[in-house]
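Raw query.json, JSON, C-alpha atoms:
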[["chain", "number", "residue", "atom", "x", "y", "z"],
["A", 1, "MET", "CA", 125.58, 111.06, 82.05],
["A", 2, "THR", "CA", 123.93, 111.94, 78.75],
["A", 3, "GLN", "CA", 125.50, 108.88, 77.26],
["A", 4, "GLU", "CA", 124.03, 106.69, 79.95],
["A", 5, "ARG", "CA", 120.63, 108.26, 79.52],
["A", 6, "ASN", "CA", 120.84, 107.30, 75.89],
["A", 7, "TYR", "CA", 120.98, 103.66, 76.49],
["A", 8, "THR", "CA", 118.26, 103.51, 79.02],
["A", 9, "PRO", "CA", 115.00, 102.61, 77.37],
["A", 10, "ASN", "CA", 112.14, 105.11, 77.42],
["A", 11, "THR", "CA", 110.76, 103.89, 80.68],
["A", 12, "GLY", "CA", 114.22, 103.70, 82.18],
["A", 13, "GLY", "CA", 114.85, 107.40, 81.79],
["A", 14, "ASP", "CA", 112.14, 108.35, 84.25],
["A", 15, "ARG", "CA", 113.08, 105.48, 86.42],
["A", 16, "SER", "CA", 116.67, 106.61, 86.80],
["A", 17, "ILE", "CA", 115.59, 110.01, 88.03],
["A", 18, "HIS", "CA", 113.26, 108.42, 90.52],
["A", 19, "LEU", "CA", 116.04, 106.09, 91.56],
["A", 20, "VAL", "CA", 118.56, 108.82, 92.25],
["A", 21, "GLY", "CA", 116.03, 110.55, 94.41],
["A", 22, "HIS", "CA", 115.29, 107.37, 96.21],
["A", 23, "VAL", "CA", 118.88, 106.54, 97.03],
["A", 24, "GLY", "CA", 119.19, 109.88, 98.69],
["A", 25, "ARG", "CA", 115.99, 109.42, 100.62],
["A", 26, "VAL", "CA", 116.80, 106.00, 102.00],
["A", 27, "VAL", "CA", 120.26, 107.02, 103.12],
["A", 28, "GLY", "CA", 118.81, 110.13, 104.66],
["A", 29, "CYS", "CA", 116.09, 108.35, 106.54],
["A", 30, "CYS", "CA", 118.28, 105.60, 107.97],
["A", 31, "ARG", "CA", 120.77, 108.22, 109.09],
["A", 32, "ASP", "CA", 118.02, 109.92, 111.02],
["A", 33, "LEU", "CA", 116.85, 106.70, 112.55],
["A", 34, "LEU", "CA", 120.20, 105.24, 113.43],
["A", 35, "GLY", "CA", 121.34, 108.43, 115.03],
["A", 36, "GLY", "CA", 124.75, 108.90, 116.58],
["A", 37, "CYS", "CA", 127.09, 106.47, 114.91],
["A", 38, "VAL", "CA", 125.87, 107.16, 111.43],
["A", 39, "ARG", "CA", 125.71, 110.88, 111.91],
["A", 40, "ALA", "CA", 129.33, 110.69, 112.96],
["A", 41, "LEU", "CA", 130.13, 109.16, 109.57],
["A", 42, "ALA", "CA", 128.14, 111.83, 107.81],
["A", 43, "GLY", "CA", 129.92, 114.46, 109.82],
["A", 44, "SER", "CA", 133.33, 113.17, 108.78],
["A", 45, "GLY", "CA", 132.79, 115.07, 105.58],
["A", 46, "GLY", "CA", 131.69, 112.45, 103.15],
["A", 47, "HIS", "CA", 129.69, 109.42, 102.32],
["A", 48, "CYS", "CA", 130.56, 106.46, 104.47],
["A", 49, "CYS", "CA", 132.43, 104.73, 101.65],
["A", 50, "GLY", "CA", 134.81, 107.64, 101.42],
["A", 51, "GLN", "CA", 133.13, 109.18, 98.39],
["A", 52, "PRO", "CA", 132.27, 112.81, 98.79],
["A", 53, "GLU", "CA", 128.59, 113.14, 99.47],
["A", 54, "GLY", "CA", 126.60, 113.66, 96.32],
["A", 55, "SER", "CA", 129.17, 112.27, 93.93],
["A", 56, "VAL", "CA", 127.69, 108.81, 94.15],
["A", 57, "MET", "CA", 124.26, 110.12, 93.34],
["A", 58, "GLY", "CA", 125.53, 112.56, 90.75],
["A", 59, "CYS", "CA", 126.92, 110.05, 88.27],
["A", 60, "THR", "CA", 124.36, 107.28, 88.45],
["A", 61, "GLY", "CA", 122.17, 107.81, 85.44],
["A", 62, "GLY", "CA", 120.38, 104.58, 86.26],
["A", 63, "SER", "CA", 123.38, 102.23, 86.24],
["A", 64, "VAL", "CA", 122.78, 101.07, 89.75],
["A", 65, "ILE", "CA", 123.16, 97.52, 90.97],
["A", 66, "ALA", "CA", 122.44, 96.23, 94.46],
["A", 67, "LEU", "CA", 124.16, 93.55, 96.51],
["A", 68, "ALA", "CA", 121.64, 91.58, 98.52],
["A", 69, "GLY", "CA", 121.68, 88.36, 100.47],
["A", 70, "ASN", "CA", 121.49, 86.70, 103.86],
["A", 71, "PRO", "CA", 123.59, 88.15, 106.67],
["A", 72, "ASN", "CA", 127.25, 87.09, 106.71],
["A", 73, "THR", "CA", 127.43, 85.79, 103.16],
["A", 74, "GLY", "CA", 130.18, 88.13, 101.99],
["A", 75, "LYS", "CA", 128.30, 91.01, 100.39],
["A", 76, "SER", "CA", 130.71, 93.59, 101.75],
["A", 77, "THR", "CA", 133.72, 91.54, 100.64],
["A", 78, "ILE", "CA", 132.32, 91.44, 97.13],
["A", 79, "PHE", "CA", 131.47, 95.15, 97.37],
["A", 80, "ASN", "CA", 135.07, 95.96, 98.25],
["A", 81, "ALA", "CA", 136.42, 93.71, 95.53],
["A", 82, "LEU", "CA", 134.17, 95.33, 92.93],
["A", 83, "THR", "CA", 134.58, 98.95, 93.93],
["A", 84, "GLY", "CA", 138.08, 98.88, 95.37],
["A", 85, "SER", "CA", 136.88, 100.53, 98.55],
["A", 86, "HIS", "CA", 137.79, 99.46, 102.03],
["A", 87, "GLN", "CA", 134.48, 98.95, 103.66],
["A", 88, "HIS", "CA", 134.73, 97.40, 107.09],
["A", 89, "VAL", "CA", 134.29, 93.65, 106.76],
["A", 90, "GLY", "CA", 133.54, 91.45, 109.73],
["A", 91, "ASN", "CA", 132.78, 87.83, 110.23],
["A", 92, "TRP", "CA", 129.53, 88.38, 112.01],
["A", 93, "PRO", "CA", 126.02, 89.06, 110.84],
["A", 94, "GLY", "CA", 124.44, 92.46, 111.19],
["A", 95, "LYS", "CA", 127.56, 94.44, 110.38],
["A", 96, "THR", "CA", 126.13, 96.49, 107.54],
["A", 97, "VAL", "CA", 123.19, 98.40, 108.96],
["A", 98, "GLU", "CA", 122.74, 100.93, 106.22],
["A", 99, "GLN", "CA", 123.25, 100.80, 102.51],
["A", 100, "LYS", "CA", 126.61, 101.92, 101.21],
["A", 101, "ALA", "CA", 127.40, 102.94, 97.68],
["A", 102, "GLY", "CA", 130.60, 102.73, 95.67],
["A", 103, "ILE", "CA", 131.57, 102.86, 92.03],
["A", 104, "LEU", "CA", 132.64, 99.95, 89.86],
["A", 105, "LYS", "CA", 134.57, 100.98, 86.76],
["A", 106, "HIS", "CA", 134.29, 98.43, 84.01],
["A", 107, "ASP", "CA", 135.24, 99.04, 80.39],
["A", 108, "GLY", "CA", 134.96, 102.77, 80.84],
["A", 109, "GLN", "CA", 131.51, 102.48, 82.37],
["A", 110, "GLU", "CA", 130.74, 103.67, 85.85],
["A", 111, "ILE", "CA", 128.33, 101.45, 87.70],
["A", 112, "VAL", "CA", 127.07, 102.36, 91.14],
["A", 113, "VAL", "CA", 127.17, 99.38, 93.48],
["A", 114, "VAL", "CA", 124.97, 99.54, 96.56],
["A", 115, "ASP", "CA", 125.84, 97.24, 99.46],
["A", 116, "LEU", "CA", 122.65, 96.42, 101.34],
["A", 117, "PRO", "CA", 122.29, 95.05, 104.85],
["A", 118, "GLY", "CA", 121.80, 91.29, 105.05],
["A", 119, "THR", "CA", 118.27, 89.99, 105.17],
["A", 120, "TYR", "CA", 116.72, 86.54, 105.45],
["A", 121, "SER", "CA", 113.60, 87.49, 103.57],
["A", 122, "LEU", "CA", 111.78, 90.39, 102.01],
["A", 123, "SER", "CA", 109.20, 90.41, 104.80],
["A", 124, "ALA", "CA", 111.39, 92.65, 106.85],
["A", 125, "CYS", "CA", 111.17, 92.76, 110.63],
["A", 126, "SER", "CA", 114.12, 94.95, 111.54],
["A", 127, "LEU", "CA", 115.22, 98.34, 110.29],
["A", 128, "GLU", "CA", 118.20, 97.01, 108.31],
["A", 129, "GLU", "CA", 116.03, 94.44, 106.63],
["A", 130, "GLN", "CA", 113.52, 97.12, 105.78],
["A", 131, "ILE", "CA", 116.25, 99.20, 104.13],
["A", 132, "ALA", "CA", 117.31, 96.20, 102.05],
["A", 133, "ARG", "CA", 113.74, 95.32, 101.12],
["A", 134, "ASP", "CA", 112.75, 98.87, 100.20],
["A", 135, "PHE", "CA", 115.76, 99.26, 97.97],
["A", 136, "ILE", "CA", 115.15, 96.02, 96.07],
["A", 137, "VAL", "CA", 111.43, 96.54, 95.73],
["A", 138, "LYS", "CA", 111.12, 100.28, 95.22],
["A", 139, "ALA", "CA", 114.40, 101.57, 93.82],
["A", 140, "HIS", "CA", 114.44, 99.29, 90.75],
["A", 141, "PRO", "CA", 118.20, 98.65, 90.55],
["A", 142, "ARG", "CA", 119.32, 97.56, 87.08],
["A", 143, "VAL", "CA", 120.22, 94.19, 88.54],
["A", 144, "VAL", "CA", 120.22, 92.67, 92.01],
["A", 145, "VAL", "CA", 123.35, 90.67, 92.76],
["A", 146, "ASN", "CA", 122.09, 88.04, 95.17],
["A", 147, "VAL", "CA", 125.02, 86.78, 97.23],
["A", 148, "LEU", "CA", 124.62, 83.28, 98.64],
["A", 149, "ASP", "CA", 126.72, 81.27, 101.05],
["A", 150, "SER", "CA", 127.64, 78.10, 99.13],
["A", 151, "THR", "CA", 127.91, 76.14, 102.36],
["A", 152, "ASN", "CA", 124.38, 77.02, 103.33],
["A", 153, "LEU", "CA", 122.38, 77.04, 100.13],
["A", 154, "GLU", "CA", 119.04, 75.84, 101.33],
["A", 155, "ARG", "CA", 118.41, 78.68, 103.72],
["A", 156, "ASN", "CA", 119.90, 81.26, 101.35],
["A", 157, "LEU", "CA", 117.69, 80.25, 98.43],
["A", 158, "TYR", "CA", 114.59, 81.38, 100.32],
["A", 159, "LEU", "CA", 115.47, 85.02, 99.69],
["A", 160, "THR", "CA", 116.45, 84.15, 96.12],
["A", 161, "ALA", "CA", 112.99, 82.72, 95.54],
["A", 162, "GLN", "CA", 111.41, 85.88, 96.91],
["A", 163, "ILE", "CA", 113.50, 88.13, 94.68],
["A", 164, "LEU", "CA", 112.61, 85.93, 91.68],
["A", 165, "GLU", "CA", 108.95, 86.29, 92.56],
["A", 166, "ILE", "CA", 109.01, 90.06, 92.45],
["A", 167, "GLY", "CA", 110.62, 89.82, 89.03],
["A", 168, "VAL", "CA", 113.70, 92.01, 89.50],
["A", 169, "PRO", "CA", 116.64, 91.15, 87.20],
["A", 170, "MET", "CA", 119.07, 89.10, 89.23],
["A", 171, "ILE", "CA", 122.54, 87.57, 89.18],
["A", 172, "ILE", "CA", 123.19, 84.78, 91.66],
["A", 173, "VAL", "CA", 126.62, 84.69, 93.23],
["A", 174, "LEU", "CA", 127.58, 81.55, 95.10],
["A", 175, "ASN", "CA", 130.21, 82.92, 97.42],
["A", 176, "MET", "CA", 132.64, 80.96, 99.62],
["A", 177, "ARG", "CA", 133.32, 78.42, 96.90],
["A", 178, "ASP", "CA", 136.60, 77.57, 98.62],
["A", 179, "LEU", "CA", 134.87, 76.74, 101.90],
["A", 180, "ALA", "CA", 132.24, 74.65, 100.16],
["A", 181, "GLU", "CA", 134.94, 72.70, 98.33],
["A", 182, "ALA", "CA", 136.78, 72.13, 101.60],
["A", 183, "ARG", "CA", 133.60, 70.70, 103.05],
["A", 184, "GLY", "CA", 133.08, 68.46, 100.05],
["A", 185, "ILE", "CA", 130.07, 70.36, 98.74],
["A", 186, "SER", "CA", 129.88, 70.57, 94.97],
["A", 187, "ILE", "CA", 127.16, 72.61, 93.30],
["A", 188, "ASP", "CA", 125.89, 72.05, 89.78],
["A", 189, "ILE", "CA", 125.58, 75.71, 88.82],
["A", 190, "HIS", "CA", 124.13, 75.01, 85.38],
["A", 191, "ARG", "CA", 121.31, 72.99, 86.83],
["A", 192, "LEU", "CA", 120.72, 75.63, 89.51],
["A", 193, "ALA", "CA", 120.56, 78.34, 86.84],
["A", 194, "GLN", "CA", 118.05, 76.29, 84.89],
["A", 195, "GLN", "CA", 115.81, 75.78, 87.88],
["A", 196, "LEU", "CA", 115.91, 79.48, 88.69],
["A", 197, "HIS", "CA", 114.50, 80.52, 85.30],
["A", 198, "ASN", "CA", 117.93, 80.81, 83.67],
["A", 199, "THR", "CA", 119.19, 83.40, 86.11],
["A", 200, "PRO", "CA", 122.96, 83.67, 85.69],
["A", 201, "VAL", "CA", 124.75, 81.78, 88.46],
["A", 202, "ILE", "CA", 128.40, 82.50, 89.22],
["A", 203, "SER", "CA", 130.56, 80.68, 91.70],
["A", 204, "VAL", "CA", 133.12, 82.89, 93.45],
["A", 205, "ALA", "CA", 135.47, 82.97, 96.41],
["A", 206, "ALA", "CA", 135.48, 86.70, 97.05],
["A", 207, "SER", "CA", 138.05, 86.65, 99.83],
["A", 208, "ARG", "CA", 140.48, 84.95, 97.43],
["A", 209, "GLU", "CA", 139.38, 87.09, 94.52],
["A", 210, "GLN", "CA", 138.34, 84.06, 92.48],
["A", 211, "GLY", "CA", 135.57, 84.40, 89.95],
["A", 212, "LEU", "CA", 135.29, 88.17, 90.22],
["A", 213, "ALA", "CA", 136.21, 88.82, 86.59],
["A", 214, "GLU", "CA", 133.31, 86.66, 85.49],
["A", 215, "LEU", "CA", 131.01, 88.51, 87.89],
["A", 216, "LYS", "CA", 132.04, 91.90, 86.50],
["A", 217, "GLN", "CA", 131.51, 90.61, 82.98],
["A", 218, "THR", "CA", 128.03, 89.38, 83.87],
["A", 219, "ILE", "CA", 127.14, 92.66, 85.56],
["A", 220, "ALA", "CA", 128.26, 94.49, 82.41],
["A", 221, "THR", "CA", 125.85, 92.47, 80.28],
["A", 222, "PHE", "CA", 123.00, 93.93, 82.31],
["A", 223, "MET", "CA", 124.30, 97.44, 81.68],
["A", 224, "THR", "CA", 124.60, 97.30, 77.91],
["A", 225, "PRO", "CA", 121.64, 98.52, 75.93],
["A", 226, "GLN", "CA", 119.36, 95.63, 75.30],
["A", 227, "PRO", "CA", 116.73, 95.55, 72.63],
["A", 228, "GLN", "CA", 113.92, 96.00, 75.10],
["A", 229, "VAL", "CA", 111.22, 95.22, 72.55],
["A", 230, "ALA", "CA", 109.63, 92.37, 74.44],
["A", 231, "CYS", "CA", 109.77, 94.37, 77.62],
["A", 232, "ARG", "CA", 108.08, 97.34, 75.97],
["A", 233, "LEU", "CA", 105.37, 95.15, 74.55],
["A", 234, "ASP", "CA", 104.74, 93.90, 78.06],
["A", 235, "LEU", "CA", 104.47, 97.43, 79.27],
["A", 236, "VAL", "CA", 102.05, 98.36, 76.52],
["A", 237, "ALA", "CA", 99.95, 95.28, 77.12],
["B", 1, "MET", "CA", 104.74, 47.80, 118.97],
["B", 2, "SER", "CA", 104.88, 50.64, 116.46],
["B", 3, "SER", "CA", 106.70, 53.79, 117.43],
["B", 4, "THR", "CA", 104.63, 56.59, 118.84],
["B", 5, "THR", "CA", 105.30, 60.28, 118.87],
["B", 6, "GLN", "CA", 105.28, 62.66, 121.72],
["B", 7, "GLN", "CA", 104.93, 66.43, 121.55],
["B", 8, "MET", "CA", 107.03, 68.75, 123.64],
["B", 9, "THR", "CA", 108.64, 72.16, 123.34],
["B", 10, "LEU", "CA", 112.11, 72.44, 121.87],
["B", 11, "ASP", "CA", 113.75, 73.47, 125.14],
["B", 12, "GLN", "CA", 112.78, 70.10, 126.68],
["B", 13, "VAL", "CA", 114.43, 67.98, 123.99],
["B", 14, "PRO", "CA", 117.54, 66.09, 125.14],
["B", 15, "VAL", "CA", 120.84, 66.73, 123.36],
["B", 16, "GLY", "CA", 121.41, 64.59, 120.27],
["B", 17, "LYS", "CA", 117.73, 63.96, 119.65],
["B", 18, "GLN", "CA", 116.23, 64.49, 116.22],
["B", 19, "VAL", "CA", 112.79, 66.08, 116.20],
["B", 20, "THR", "CA", 110.23, 67.43, 113.75],
["B", 21, "VAL", "CA", 108.87, 70.95, 114.09],
["B", 22, "VAL", "CA", 105.12, 71.02, 114.58],
["B", 23, "ARG", "CA", 104.41, 74.64, 115.34],
["B", 24, "VAL", "CA", 106.37, 77.84, 115.79],
["B", 25, "GLY", "CA", 104.77, 80.26, 118.18],
["B", 26, "GLY", "CA", 105.83, 83.33, 120.05],
["B", 27, "GLU", "CA", 105.90, 87.01, 119.41],
["B", 28, "LYS", "CA", 105.10, 88.01, 115.85],
["B", 29, "VAL", "CA", 108.51, 89.44, 114.96],
["B", 30, "THR", "CA", 110.48, 86.57, 116.48],
["B", 31, "ARG", "CA", 108.23, 84.00, 114.88],
["B", 32, "ARG", "CA", 108.57, 85.67, 111.48],
["B", 33, "ARG", "CA", 112.35, 85.63, 111.81],
["B", 34, "LEU", "CA", 112.48, 81.98, 112.81],
["B", 35, "LEU", "CA", 110.27, 81.04, 109.86],
["B", 36, "ASP", "CA", 112.50, 83.08, 107.52],
["B", 37, "MET", "CA", 115.51, 81.18, 108.81],
["B", 38, "GLY", "CA", 113.94, 77.89, 107.84],
["B", 39, "LEU", "CA", 112.43, 76.78, 111.12],
["B", 40, "VAL", "CA", 109.08, 75.81, 109.66],
["B", 41, "ALA", "CA", 106.55, 73.10, 110.44],
["B", 42, "GLY", "CA", 107.66, 69.72, 109.12],
["B", 43, "GLU", "CA", 111.36, 70.62, 109.26],
["B", 44, "THR", "CA", 113.68, 68.14, 110.94],
["B", 45, "VAL", "CA", 116.05, 69.60, 113.52],
["B", 46, "ILE", "CA", 118.66, 68.06, 115.79],
["B", 47, "VAL", "CA", 119.46, 69.48, 119.20],
["B", 48, "GLN", "CA", 123.25, 69.75, 119.13],
["B", 49, "GLY", "CA", 124.00, 71.18, 122.51],
["B", 50, "VAL", "CA", 122.73, 73.00, 125.54],
["B", 51, "ALA", "CA", 124.75, 75.60, 127.43],
["B", 52, "PRO", "CA", 125.67, 74.73, 131.05],
["B", 53, "LEU", "CA", 122.79, 76.70, 132.53],
["B", 54, "GLY", "CA", 120.33, 75.33, 129.97],
["B", 55, "ASP", "CA", 120.23, 78.52, 127.93],
["B", 56, "PRO", "CA", 120.94, 79.04, 125.04],
["B", 57, "ILE", "CA", 120.55, 75.86, 123.04],
["B", 58, "ASN", "CA", 122.17, 75.01, 119.74],
["B", 59, "ILE", "CA", 120.20, 73.26, 117.03],
["B", 60, "LEU", "CA", 121.01, 72.02, 113.54],
["B", 61, "VAL", "CA", 118.44, 73.18, 111.01],
["B", 62, "LYS", "CA", 118.80, 73.01, 107.20],
["B", 63, "SER", "CA", 122.38, 71.86, 107.83],
["B", 64, "TYR", "CA", 123.45, 74.99, 109.68],
["B", 65, "SER", "CA", 123.79, 75.72, 113.37],
["B", 66, "LEU", "CA", 121.30, 78.01, 115.02],
["B", 67, "ALA", "CA", 121.42, 79.16, 118.63],
["B", 68, "LEU", "CA", 118.14, 79.88, 120.36],
["B", 69, "ARG", "CA", 117.34, 81.38, 123.72],
["B", 70, "LYS", "CA", 115.28, 79.22, 125.99],
["B", 71, "ARG", "CA", 112.36, 81.61, 125.81],
["B", 72, "GLU", "CA", 112.36, 81.27, 122.02],
["B", 73, "ALA", "CA", 112.84, 77.49, 122.13],
["B", 74, "CYS", "CA", 109.92, 77.05, 124.51],
["B", 75, "GLN", "CA", 107.59, 78.58, 121.92],
["B", 76, "ILE", "CA", 108.48, 75.89, 119.38],
["B", 77, "THR", "CA", 106.44, 72.73, 119.56],
["B", 78, "VAL", "CA", 108.16, 69.63, 118.22],
["B", 79, "GLU", "CA", 107.37, 65.98, 117.79],
["B", 80, "VAL", "CA", 109.72, 63.32, 119.10],
["B", 81, "GLN", "CA", 109.70, 59.63, 118.19],
["B", 82, "VAL", "CA", 109.60, 57.53, 121.35]]
Encoding of this model in C-alpha cells:
Amino acid sequence: MTQERNYTPNTGGDRSIHLVGHVGRVVGCCRDLLGGCVRALAGSGGHCCGQPEGSVMGCTGGSVIALAGNPNTGKSTIFNALTGSHQHVGNWPGKTVEQKAGILKHDGQEIVVVDLPGTYSLSACSLEEQIARDFIVKAHPRVVVNVLDSTNLERNLYLTAQILEIGVPMIIVLNMRDLAEARGISIDIHRLAQQLHNTPVISVAASREQGLAELKQTIATFMTPQPQVACRLDLVA
Amino acid sequence: MSSTTQQMTLDQVPVGKQVTVVRVGGEKVTRRRLLDMGLVAGETVIVQGVAPLGDPINILVKSYSLALRKREACQITVEVQV
C-alpha cells in the first residue's frame, strides 16, 4: 500500500483516500436501495464477487479502474477474464445492477477492477445507470475501460463521447471482434483512436479470450508512475 | 409530381417502410432513454415487424434492432415519403 501511495502524484494521494471511501459508500447505498436480493449477497458473508468484505477496499491505494459501457456489451465477461472471478454472465441487458469489484494481478501489481452496470449515457435515468455515472464522474478511477460492442459501434460511441467530454482517462475496448468479423464488419482501430483524441483502442473477443493480454498491458501503462508535470501545471494554472 | 411527405406516429407505419424521425415525445424518462439509444430527430428508421396484436413493434435504428411498446411508438412522430 505504501508503495502504491508512492507512485501516486501529490494530488492522487488525497484522491485515493476519497476514492476508497466512495467505493464503500456507493456499494452501501445501492445495497440499501435494492433491498432483498443484494442484502442476501451481503449476508452470505462476503462481497458479491466472493472477496471478503473490506479486502477489496483495503488494498486499493488508488489503483482502481472501472469497466463501463452500454448494456450487454460484455463488461462482466471482461471483468471475469481480468480478475479470474466467476461473476454471473448473461446474454441480456440489465444483469449487473450494482458495481462489483475484483482484483487483477499484473506484474506483481494489484489493480482493483470495478464492473459497473451498463448505461447508454451519463444522463442517468435508472438506479443502475446512476451508480455507473456516479462512479465514473465522482470516484475518479485511474482509467475507465469503455467496453463497446463492435457490431453496434454507432450507438455505443455516444457514451464514449460523453466520457471523453468529462476528461476521464479512458481505454476503448472493442469487444465481440469475432462476431463483427463474422458479420463482415472491419474496424480501422488506428483511425478510431486518432479521432478519439488518441485514446488507446483495443479489439478483443473476451468470450474467446482474444486480445486480453494487450488489454492488461494497456491497463498497466495507466498504473505506472507517469511524469505528471503537465498535469500538475494544469492544476496550478 | 415530386414526392411529398406525410407525418404520422411510429405505431401507424406499415412494416418494411423507411421513415425519418421528426420528434420524440412522451414521458421525460422514456424520452431521455430513447434519445440515448439513438432515436433522435433526423434519424432514419425502418419498421421491421409488428407483433400479431400490434404491440410491440420492432424497428431498425443505427443498424440495431429495437423493440418498442405501442404506447412508446405512438409518442414518436415520423415523416414518411408518399
Quick one: residues within 8 Å of Val82 of chain B, only C-alpha atoms, excluding same-chain residues fewer than 3 positions away - as a CSV table (one decimal) with C-alpha atoms, keeping the file's coordinate frame?
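out02.csv was written with the following content:
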chain,number,residue,atom,x,y,z
B,3,SER,CA,106.7,53.8,117.4
B,4,THR,CA,104.6,56.6,118.8
B,5,THR,CA,105.3,60.3,118.9
B,6,GLN,CA,105.3,62.7,121.7
Between atom CA of Phe135 of chain A and atom CA of Thr73 of chain A, what is the distance in Å, rounded to a tenth? 18.6 Å
Dump as a list in words the residues of chain B that approach chain A to within 7 Å, counting all atoms listed in the file. Val29, Asp36, Met37, Gly38, Lys62 and Tyr64 of chain B
What does the distance between atom CA of Val144 of chain A and atom CA of Thr221 of chain A come to in Å, to one decimal place? 13.0 Å
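Using only C-alpha atoms for every distance, the candidate list A:Ile131, A:Ser63, A:His197, A:Arg142 yields A:Ser63 as the residue closest to Leu104 of chain A.
If you look at atom CA of Leu192 of chain A and atom CA of Thr77 of chain A, they are 23.4 Å away from each other.
Within the 10 Å cut-off around Cys74 of chain B, using all atoms listed in the file and omitting residues fewer than 2 positions from it on the same chain, the listed residues are Met8, Thr9, Leu10, Asp11, Gln12, Val24, Gly25, Gly26, Leu68, Arg69, Lys70, Arg71, Glu72, Ile76, Thr77 and Val78 of chain B.
Considering only C-alpha atoms, the residue among B:Val80, B:Gly16, B:Val21, B:Ser63 positioned nearest to Gln48 of chain B is B:Gly16.
Each of A:Ala101, A:Val168, A:Glu110, A:Ile202 was checked against Asn80 of chain A using only C-alpha atoms; the smallest atom-to-atom distance is that of A:Ala101.
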